[in-house]
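Text of the file model08.txt, holding compact mmCIF, N, CA and C atoms and all ligand atoms:
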# COMPACT_ATOMS: atom_id res chain seq x y z
N MET A 14 103.35 -157.32 7.24
CA MET A 14 101.97 -156.95 6.93
C MET A 14 101.75 -157.09 5.43
N THR A 15 100.59 -157.65 5.05
CA THR A 15 100.33 -157.84 3.62
C THR A 15 99.16 -156.97 3.15
N CYS A 16 99.17 -156.69 1.87
CA CYS A 16 98.08 -155.95 1.23
C CYS A 16 96.93 -156.91 1.00
N LYS A 17 95.71 -156.54 1.39
CA LYS A 17 94.55 -157.42 1.24
C LYS A 17 94.26 -157.71 -0.22
N GLY A 18 94.55 -156.76 -1.08
CA GLY A 18 94.25 -156.91 -2.50
C GLY A 18 95.17 -157.87 -3.22
N CYS A 19 96.45 -157.83 -2.91
CA CYS A 19 97.40 -158.62 -3.71
C CYS A 19 98.21 -159.61 -2.87
N LEU A 20 98.06 -159.59 -1.57
CA LEU A 20 98.79 -160.45 -0.65
C LEU A 20 100.30 -160.19 -0.65
N GLY A 21 100.71 -159.12 -1.30
CA GLY A 21 102.12 -158.74 -1.27
C GLY A 21 102.40 -157.95 -0.02
N SER A 22 103.67 -157.85 0.36
CA SER A 22 104.02 -157.08 1.54
C SER A 22 103.85 -155.60 1.26
N VAL A 23 103.34 -154.87 2.24
CA VAL A 23 103.21 -153.43 2.08
C VAL A 23 104.36 -152.71 2.78
N ILE A 24 105.21 -153.48 3.43
CA ILE A 24 106.39 -152.90 4.07
C ILE A 24 107.54 -152.95 3.06
N VAL A 25 108.12 -151.79 2.79
CA VAL A 25 109.20 -151.73 1.81
C VAL A 25 110.52 -151.58 2.56
N SER A 26 111.44 -152.47 2.25
CA SER A 26 112.72 -152.44 2.97
C SER A 26 113.61 -151.31 2.47
N ASP A 27 114.60 -150.95 3.29
CA ASP A 27 115.58 -149.93 2.90
C ASP A 27 116.32 -150.36 1.64
N GLU A 28 116.58 -151.67 1.51
CA GLU A 28 117.31 -152.17 0.34
C GLU A 28 116.53 -151.88 -0.94
N VAL A 29 115.22 -152.13 -0.90
CA VAL A 29 114.38 -151.89 -2.08
C VAL A 29 114.36 -150.41 -2.41
N ILE A 30 114.26 -149.58 -1.38
CA ILE A 30 114.26 -148.13 -1.61
C ILE A 30 115.59 -147.69 -2.22
N GLN A 31 116.69 -148.23 -1.73
CA GLN A 31 118.01 -147.87 -2.29
C GLN A 31 118.12 -148.30 -3.75
N GLU A 32 117.58 -149.46 -4.09
CA GLU A 32 117.60 -149.92 -5.49
C GLU A 32 116.80 -148.98 -6.37
N LEU A 33 115.65 -148.54 -5.87
CA LEU A 33 114.83 -147.61 -6.64
C LEU A 33 115.56 -146.29 -6.86
N LEU A 34 116.25 -145.82 -5.82
CA LEU A 34 116.95 -144.54 -5.93
C LEU A 34 118.12 -144.64 -6.91
N ILE A 35 118.80 -145.77 -6.93
CA ILE A 35 119.90 -145.97 -7.89
C ILE A 35 119.33 -145.95 -9.30
N GLU A 36 118.18 -146.59 -9.49
CA GLU A 36 117.51 -146.61 -10.80
C GLU A 36 117.15 -145.19 -11.22
N ALA A 37 116.62 -144.42 -10.28
CA ALA A 37 116.21 -143.04 -10.58
C ALA A 37 117.41 -142.20 -11.00
N ASP A 38 118.56 -142.42 -10.38
CA ASP A 38 119.75 -141.62 -10.66
C ASP A 38 120.31 -141.82 -12.06
N GLU A 39 119.77 -142.80 -12.80
CA GLU A 39 120.30 -143.07 -14.14
C GLU A 39 120.05 -141.92 -15.10
N ASP A 40 119.02 -141.09 -14.87
CA ASP A 40 118.78 -139.93 -15.73
C ASP A 40 118.63 -138.69 -14.85
N PRO A 41 119.75 -138.07 -14.49
CA PRO A 41 119.72 -136.92 -13.57
C PRO A 41 118.90 -135.74 -14.08
N SER A 42 118.69 -135.63 -15.38
CA SER A 42 117.93 -134.49 -15.92
C SER A 42 116.47 -134.51 -15.46
N LEU A 43 116.01 -135.66 -15.02
CA LEU A 43 114.61 -135.79 -14.58
C LEU A 43 114.43 -135.48 -13.09
N LEU A 44 115.57 -135.28 -12.40
CA LEU A 44 115.51 -135.23 -10.93
C LEU A 44 115.56 -133.82 -10.36
N VAL A 45 114.95 -133.65 -9.21
CA VAL A 45 115.03 -132.38 -8.49
C VAL A 45 116.37 -132.30 -7.75
N THR A 46 116.69 -131.11 -7.27
CA THR A 46 117.92 -130.95 -6.48
C THR A 46 117.76 -131.67 -5.13
N ASN A 47 118.87 -131.88 -4.47
CA ASN A 47 118.82 -132.52 -3.15
C ASN A 47 118.01 -131.68 -2.16
N GLU A 48 118.13 -130.36 -2.29
CA GLU A 48 117.38 -129.47 -1.37
C GLU A 48 115.87 -129.65 -1.54
N ILE A 49 115.43 -129.68 -2.80
CA ILE A 49 114.00 -129.86 -3.06
C ILE A 49 113.55 -131.26 -2.61
N TYR A 50 114.38 -132.24 -2.89
CA TYR A 50 114.06 -133.61 -2.48
C TYR A 50 113.87 -133.68 -0.96
N ASP A 51 114.80 -133.09 -0.22
CA ASP A 51 114.71 -133.12 1.24
C ASP A 51 113.48 -132.38 1.73
N SER A 52 113.16 -131.26 1.07
CA SER A 52 112.00 -130.50 1.51
C SER A 52 110.70 -131.25 1.22
N ARG A 53 110.66 -131.95 0.10
CA ARG A 53 109.48 -132.78 -0.20
C ARG A 53 109.33 -133.89 0.84
N LEU A 54 110.44 -134.55 1.15
CA LEU A 54 110.36 -135.65 2.13
C LEU A 54 109.98 -135.15 3.52
N LYS A 55 110.38 -133.91 3.82
CA LYS A 55 110.00 -133.32 5.11
C LYS A 55 108.48 -133.17 5.17
N GLU A 56 107.89 -132.72 4.08
CA GLU A 56 106.43 -132.58 4.03
C GLU A 56 105.77 -133.96 4.20
N CYS A 57 106.27 -134.94 3.50
CA CYS A 57 105.70 -136.29 3.60
C CYS A 57 105.85 -136.83 5.03
N GLY A 58 106.99 -136.55 5.63
CA GLY A 58 107.26 -137.06 6.97
C GLY A 58 106.30 -136.55 8.02
N SER A 59 105.70 -135.38 7.77
CA SER A 59 104.75 -134.84 8.74
C SER A 59 103.31 -134.93 8.25
N CYS A 60 103.10 -135.73 7.23
CA CYS A 60 101.76 -135.84 6.61
C CYS A 60 101.01 -137.06 7.14
N HIS A 61 99.72 -136.88 7.43
CA HIS A 61 98.92 -137.99 7.94
C HIS A 61 98.72 -139.10 6.90
N ALA A 62 98.98 -138.78 5.63
CA ALA A 62 98.77 -139.77 4.56
C ALA A 62 99.96 -140.70 4.37
N LEU A 63 101.05 -140.46 5.08
CA LEU A 63 102.22 -141.34 4.95
C LEU A 63 101.96 -142.62 5.73
N GLN A 64 102.02 -143.75 5.04
CA GLN A 64 101.76 -145.04 5.68
C GLN A 64 103.01 -145.89 5.69
N TYR A 65 103.20 -146.63 6.77
CA TYR A 65 104.34 -147.55 6.95
C TYR A 65 105.68 -146.82 6.85
N GLY A 66 105.65 -145.49 6.94
CA GLY A 66 106.88 -144.70 6.87
C GLY A 66 107.44 -144.56 5.48
N THR A 67 106.74 -145.10 4.49
CA THR A 67 107.29 -145.08 3.13
C THR A 67 106.29 -144.72 2.04
N THR A 68 105.02 -144.97 2.26
CA THR A 68 104.06 -144.98 1.17
C THR A 68 102.96 -143.93 1.32
N CYS A 69 102.68 -143.22 0.23
CA CYS A 69 101.62 -142.22 0.24
C CYS A 69 100.27 -142.91 0.06
N ARG A 70 99.40 -142.66 0.98
CA ARG A 70 98.07 -143.26 0.95
C ARG A 70 97.26 -142.82 -0.28
N TYR A 71 97.45 -141.59 -0.71
CA TYR A 71 96.67 -141.09 -1.84
C TYR A 71 97.22 -141.56 -3.18
N GLY A 72 98.52 -141.56 -3.30
CA GLY A 72 99.12 -141.93 -4.58
C GLY A 72 99.51 -143.40 -4.66
N GLY A 73 99.66 -144.05 -3.50
CA GLY A 73 100.05 -145.45 -3.48
C GLY A 73 101.51 -145.66 -3.88
N PHE A 74 102.30 -144.60 -3.85
CA PHE A 74 103.71 -144.71 -4.27
C PHE A 74 104.65 -144.58 -3.07
N ILE A 75 105.89 -145.01 -3.30
CA ILE A 75 106.96 -144.86 -2.31
C ILE A 75 107.45 -143.42 -2.40
N VAL A 76 107.27 -142.66 -1.35
CA VAL A 76 107.59 -141.23 -1.43
C VAL A 76 109.08 -140.98 -1.68
N TYR A 77 109.95 -141.86 -1.16
CA TYR A 77 111.40 -141.67 -1.35
C TYR A 77 111.78 -141.73 -2.83
N TYR A 78 111.00 -142.42 -3.62
CA TYR A 78 111.23 -142.53 -5.06
C TYR A 78 110.52 -141.39 -5.79
N GLN A 79 109.26 -141.24 -5.52
CA GLN A 79 108.42 -140.27 -6.24
C GLN A 79 108.94 -138.84 -6.07
N ALA A 80 109.39 -138.52 -4.88
CA ALA A 80 109.83 -137.15 -4.60
C ALA A 80 111.10 -136.77 -5.36
N LYS A 81 111.76 -137.73 -5.95
CA LYS A 81 112.98 -137.47 -6.72
C LYS A 81 112.70 -136.78 -8.05
N PHE A 82 111.49 -136.95 -8.57
CA PHE A 82 111.23 -136.54 -9.95
C PHE A 82 110.56 -135.17 -10.07
N LYS A 83 111.08 -134.37 -11.01
CA LYS A 83 110.56 -133.02 -11.25
C LYS A 83 109.09 -133.03 -11.63
N HIS A 84 108.70 -134.00 -12.45
CA HIS A 84 107.34 -133.98 -13.00
C HIS A 84 106.29 -134.60 -12.08
N LYS A 85 106.69 -135.02 -10.90
CA LYS A 85 105.73 -135.62 -9.96
C LYS A 85 105.25 -134.56 -8.97
N SER A 86 104.09 -134.82 -8.40
CA SER A 86 103.57 -133.89 -7.39
C SER A 86 102.79 -134.64 -6.33
N CYS A 87 102.59 -133.98 -5.23
CA CYS A 87 101.81 -134.53 -4.12
C CYS A 87 100.34 -134.63 -4.54
N PRO A 88 99.71 -135.77 -4.32
CA PRO A 88 98.31 -135.95 -4.73
C PRO A 88 97.29 -135.68 -3.63
N ASN A 89 97.71 -135.02 -2.57
CA ASN A 89 96.80 -134.79 -1.43
C ASN A 89 95.57 -133.99 -1.90
N PRO A 90 94.37 -134.54 -1.77
CA PRO A 90 93.17 -133.84 -2.26
C PRO A 90 92.78 -132.64 -1.39
N GLU A 91 93.28 -132.59 -0.16
CA GLU A 91 92.95 -131.46 0.72
C GLU A 91 93.87 -130.28 0.45
N LYS A 92 95.14 -130.57 0.30
CA LYS A 92 96.12 -129.50 0.04
C LYS A 92 97.39 -130.13 -0.55
N ILE A 93 97.72 -129.73 -1.75
CA ILE A 93 98.94 -130.23 -2.38
C ILE A 93 100.14 -129.68 -1.60
N LYS A 94 101.01 -130.58 -1.14
CA LYS A 94 102.11 -130.14 -0.28
C LYS A 94 103.41 -129.94 -1.02
N TRP A 95 103.54 -130.51 -2.21
CA TRP A 95 104.68 -130.20 -3.07
C TRP A 95 104.27 -130.45 -4.51
N GLY A 96 104.77 -129.58 -5.38
CA GLY A 96 104.30 -129.62 -6.77
C GLY A 96 105.39 -129.96 -7.77
N LYS A 97 104.97 -129.95 -9.04
CA LYS A 97 105.92 -130.22 -10.14
C LYS A 97 106.90 -129.08 -10.25
N ILE A 98 108.06 -129.39 -10.77
CA ILE A 98 109.09 -128.38 -10.99
C ILE A 98 109.28 -128.23 -12.51
N ASP A 99 109.20 -127.01 -13.01
CA ASP A 99 109.40 -126.77 -14.44
C ASP A 99 110.73 -126.09 -14.67
N TYR A 100 111.77 -126.86 -14.89
CA TYR A 100 113.06 -126.29 -15.31
C TYR A 100 113.88 -127.35 -15.96
S1 LIG A 201 99.81 -136.66 0.47
FE1 LIG A 201 101.61 -135.54 -0.32
S2 LIG A 201 102.79 -134.94 1.50
FE2 LIG A 201 101.34 -136.54 2.11
S3 LIG A 201 102.51 -138.47 1.96
FE3 LIG A 201 101.41 -138.16 0.00
S4 LIG A 201 102.89 -137.09 -1.31
FE4 LIG A 201 103.62 -136.90 0.79

Would you mind giving the structure from this file in structure tokens?
Amino acid sequence: MTCKGCLGSVIVSDEVIQELLIEADEDPSLLVTNEIYDSRLKECGSCHALQYGTTCRYGGFIVYYQAKFKHKSCPNPEKIKWGKIDY
């Protein structure tokens, strides 16, 4: 499936997600704990805004990557499902 705007694929492979996660792990001080990461992904997994199993409709980002970072938050305009972490 392609994006109408850019003709790029909107389906993100597991390989691409793994590469992003390896990139994210380069600075662990920016990352949430595994528990928080799993809890964020659980929220995304049951959210109507999750598209193609990977992408947030509101933020346009890959949730598996975005949920790793302390300073990121859920952009759901109806109800924020996970927020920034300050520590
Ligand atoms: S709206 Fe929030 S909970 Fe839903 S997919 Fe996006 S980031 Fe995840």

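DSSP secondary structure from the backbone places Leu63, Gln64, Thr68 and Cys69 of chain A of region 21-81 of chain A in strand (DSSP E).
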
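Summary of the local environment: counting only N, CA and C atoms, residues at most 8 Å from Tyr100 (chain A), other than itself and those fewer than 3 positions away along its chain, are Ser42, Lys83 and Lys97 of chain A.
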
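Residue nearest ligand LIG 201 (chain A), chosen from A:Ile30, A:Cys57, A:Ala37, A:Ile98 and counting all atoms listed in the file: A:Cys57.
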
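Residues of protein, DNA or RNA having any atom at most 5 Å from ligand LIG 201 (chain A), counting all atoms listed in the file, are Glu56, Cys57, Cys60, Ala62, Leu63, Cys69, Cys87, Pro88 and Asn89 of chain A.
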
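Excluding region 43-54 of chain A itself and any same-chain residue fewer than 6 positions from it, the protein and nucleic acid residues within 7 Å of it, counting only N, CA and C atoms, are Val76, Ala80, Lys81, Phe82, Lys83, His84, Lys94 and Trp95 of chain A.
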
Report as JSON the centre and the edge lengths, in Å to one decimal, of the axis-aligned box holding every listed atom of region 56-68 of chain A, padded by 5 Å on each side.
{"center_x": 103.3, "center_y": -140.1, "center_z": 5.0, "size_x": 19.2, "size_y": 25.0, "size_z": 17.6}

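Every residue of chain A found in alpha helix (DSSP H) when DSSP is run on the backbone appears here: Asp27, Glu28, Val29, Ile30, Gln31, Glu32, Leu33, Leu34, Ile35, Glu36, Ala37, Asn47, Glu48, Ile49, Tyr50, Asp51, Ser52, Arg53, Leu54, Lys55, Glu56, Cys57, Gly58, Val76, Tyr77, Tyr78 and Gln79 of chain A.
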
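You will find atom N of Gly58 (chain A) at 11.0 Å from atom C of Tyr77 (chain A).
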
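We find CA of Gln31 (chain A) and atom N of Tyr65 (chain A) to be spaced 17.4 Å apart.
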
What separates CA of Lys85 (chain A) and CA of Gly72 (chain A) is a distance of 10.6 Å

Near region 23-27 of chain A, counting only C-alpha atoms, which residues have an atom at most 12 Å away, once you skip same-chain residues fewer than 5 positions from it, shown as number ranges by chain?
A: 14-18, 32-34, 64-70, 73-78
